[in-house]
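Here's the structure we're looking at; comments come further down.
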Amino acid sequence: MISKKMENMVANSSAIRAMFEEGNRLAKIYGPENVFDFSLGNPNVPAPKAVKQAILDILDEEDELIIVADIMGGSIANTFSSYIQSEKIHIITGLNLPLLIGLAQDLDSDVSTDELIENAIQMGREGIVDLKKMIEENSDIEEDF
């Protein structure tokens, strides 16, 4: 079952379509060579030279770069995968908010990058919960208020 509000939103628009249209709008303002629209993804097209140069510039300034992408095989992961041979670049796929919080809260700590990533992935996994099932399994536990 889907709410009427969500039904209307799904029927009348698409977030991906809206991002694509926004990319087109920005390209008209700033020029297509200055807008890198990955809303529809295109893993078969290499990243523009400016994106590659931006990555190299970041790596010149930073010790390491952690890239978090939504899905493995998606356009972001594919774009950066050509740099994976560098020990400075780490790509995490399966983005969710607990994973990002895990990364952010430990960025200034003394843990290694590998440990930072491992901890963040664990937080991401723990953040995926079937809430109904969890409540049903714990319904016999009385809460003290």
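Each chain in the structure tokens gets a letter, A, B, ..., in the order shown, and its residues are numbered from 1; ligands are numbered from 1 in order too.
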I want to know what sits within 10 Å of Val51 of chain A, based on only C-alpha atoms, with residues of the same chain fewer than 5 positions away left out; could you give that as JSON, numbers by chain? {"A": [36, 46, 56, 57, 79, 80]}
Include N, CA and C atoms and write out the residues we just selected as a short mmCIF file (atom, residue, chain, number, x, y, z; two decimals), in the first residue's frame.
data_model
loop_
_atom_site.label_atom_id
_atom_site.label_comp_id
_atom_site.auth_asym_id
_atom_site.auth_seq_id
_atom_site.Cartn_x
_atom_site.Cartn_y
_atom_site.Cartn_z
N PHE A 36 28.94 18.49 -15.07
CA PHE A 36 29.17 17.05 -15.13
C PHE A 36 27.97 16.37 -14.50
N PRO A 46 34.35 7.54 -20.27
CA PRO A 46 35.35 7.92 -19.28
C PRO A 46 35.02 9.28 -18.67
N LEU A 56 43.42 14.23 -9.16
CA LEU A 56 44.87 14.33 -9.01
C LEU A 56 45.26 15.51 -8.12
N ASP A 57 44.55 16.63 -8.26
CA ASP A 57 44.82 17.80 -7.42
C ASP A 57 44.55 17.49 -5.96
N THR A 79 33.42 5.56 -12.25
CA THR A 79 34.27 6.69 -12.60
C THR A 79 35.57 6.66 -11.81
N PHE A 80 35.48 6.36 -10.53
CA PHE A 80 36.67 6.40 -9.68
C PHE A 80 37.43 5.08 -9.64
#
For segment 71-73 of chain A: contacts at 10 Å, only C-alpha atoms, fewer than 6 positions along chain excluded, given as an mmCIF file with C-alpha atoms, in the first residue's frame:
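Listing of around01.cif after writing:
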data_model
loop_
_atom_site.group_PDB
_atom_site.id
_atom_site.type_symbol
_atom_site.label_atom_id
_atom_site.label_comp_id
_atom_site.auth_asym_id
_atom_site.auth_seq_id
_atom_site.Cartn_x
_atom_site.Cartn_y
_atom_site.Cartn_z
ATOM 1 C CA PRO A 43 29.698 3.921 -16.925
ATOM 2 C CA THR A 79 34.270 6.693 -12.598
ATOM 3 C CA SER A 81 37.497 2.702 -10.053
ATOM 4 C CA ILE A 91 36.023 3.418 -2.610
ATOM 5 C CA ILE A 92 33.130 2.349 -0.396
ATOM 6 C CA THR A 93 29.857 1.351 -2.035
ATOM 7 C CA GLY A 94 26.439 0.871 -0.442
ATOM 8 C CA LEU A 95 26.021 4.378 0.911
#
List the spatial neighbours of segment 105-111 of chain A as a list in words - criterion: any atom at most 12 Å away, only C-alpha atoms, same-chain residues fewer than 4 positions off excluded.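 So the residues in contact are Glu64, Leu65, Ile66, Pro98, Leu99, Leu100, Ile101, Glu115, Leu116, Ile117, Glu118, Asn119, Ala120 and Met123 of chain A.
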Output for the residues just chosen: N, CA and C atoms as a PDB file, in the first residue's frame:
ATOM      1  N   GLU A  64      45.104  10.742   1.669  1.00  0.00           N
ATOM      2  CA  GLU A  64      44.225   9.710   1.140  1.00  0.00           C
ATOM      3  C   GLU A  64      42.882  10.324   0.767  1.00  0.00           C
ATOM      4  N   LEU A  65      42.137   9.604  -0.049  1.00  0.00           N
ATOM      5  CA  LEU A  65      40.815  10.041  -0.487  1.00  0.00           C
ATOM      6  C   LEU A  65      39.865   8.869  -0.331  1.00  0.00           C
ATOM      7  N   ILE A  66      38.788   9.093   0.430  1.00  0.00           N
ATOM      8  CA  ILE A  66      37.749   8.076   0.599  1.00  0.00           C
ATOM      9  C   ILE A  66      36.538   8.526  -0.207  1.00  0.00           C
ATOM     10  N   PRO A  98      24.052   5.888   8.340  1.00  0.00           N
ATOM     11  CA  PRO A  98      24.920   5.414   9.423  1.00  0.00           C
ATOM     12  C   PRO A  98      26.378   5.234   8.980  1.00  0.00           C
ATOM     13  N   LEU A  99      26.596   4.796   7.747  1.00  0.00           N
ATOM     14  CA  LEU A  99      27.955   4.655   7.229  1.00  0.00           C
ATOM     15  C   LEU A  99      28.644   6.022   7.195  1.00  0.00           C
ATOM     16  N   LEU A 100      27.942   7.032   6.674  1.00  0.00           N
ATOM     17  CA  LEU A 100      28.526   8.379   6.618  1.00  0.00           C
ATOM     18  C   LEU A 100      28.814   8.933   8.010  1.00  0.00           C
ATOM     19  N   ILE A 101      27.901   8.690   8.934  1.00  0.00           N
ATOM     20  CA  ILE A 101      28.119   9.145  10.314  1.00  0.00           C
ATOM     21  C   ILE A 101      29.350   8.452  10.890  1.00  0.00           C
ATOM     22  N   GLU A 115      40.910   0.794   9.304  1.00  0.00           N
ATOM     23  CA  GLU A 115      40.037   0.615  10.467  1.00  0.00           C
ATOM     24  C   GLU A 115      38.859   1.585  10.421  1.00  0.00           C
ATOM     25  N   LEU A 116      39.116   2.809   9.996  1.00  0.00           N
ATOM     26  CA  LEU A 116      38.053   3.807   9.840  1.00  0.00           C
ATOM     27  C   LEU A 116      36.974   3.283   8.880  1.00  0.00           C
ATOM     28  N   ILE A 117      37.406   2.757   7.748  1.00  0.00           N
ATOM     29  CA  ILE A 117      36.478   2.235   6.755  1.00  0.00           C
ATOM     30  C   ILE A 117      35.743   1.013   7.290  1.00  0.00           C
ATOM     31  N   GLU A 118      36.470   0.111   7.930  1.00  0.00           N
ATOM     32  CA  GLU A 118      35.848  -1.095   8.491  1.00  0.00           C
ATOM     33  C   GLU A 118      34.779  -0.727   9.522  1.00  0.00           C
ATOM     34  N   ASN A 119      35.085   0.217  10.408  1.00  0.00           N
ATOM     35  CA  ASN A 119      34.116   0.655  11.430  1.00  0.00           C
ATOM     36  C   ASN A 119      32.891   1.300  10.783  1.00  0.00           C
ATOM     37  N   ALA A 120      33.106   2.123   9.763  1.00  0.00           N
ATOM     38  CA  ALA A 120      31.995   2.794   9.085  1.00  0.00           C
ATOM     39  C   ALA A 120      31.102   1.778   8.385  1.00  0.00           C
ATOM     40  N   MET A 123      28.973   0.107  10.940  1.00  0.00           N
ATOM     41  CA  MET A 123      27.864   0.974  11.348  1.00  0.00           C
ATOM     42  C   MET A 123      26.785   1.006  10.272  1.00  0.00           C
TER      43      MET A 123
END
Which one is closest to Glu87 of chain A: A:Asp63, A:Glu126, A:Asp140, A:Asp70? Count only C-alpha atoms.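 Residue with the minimum atom-to-atom distance to Glu87 of chain A: A:Asp63.
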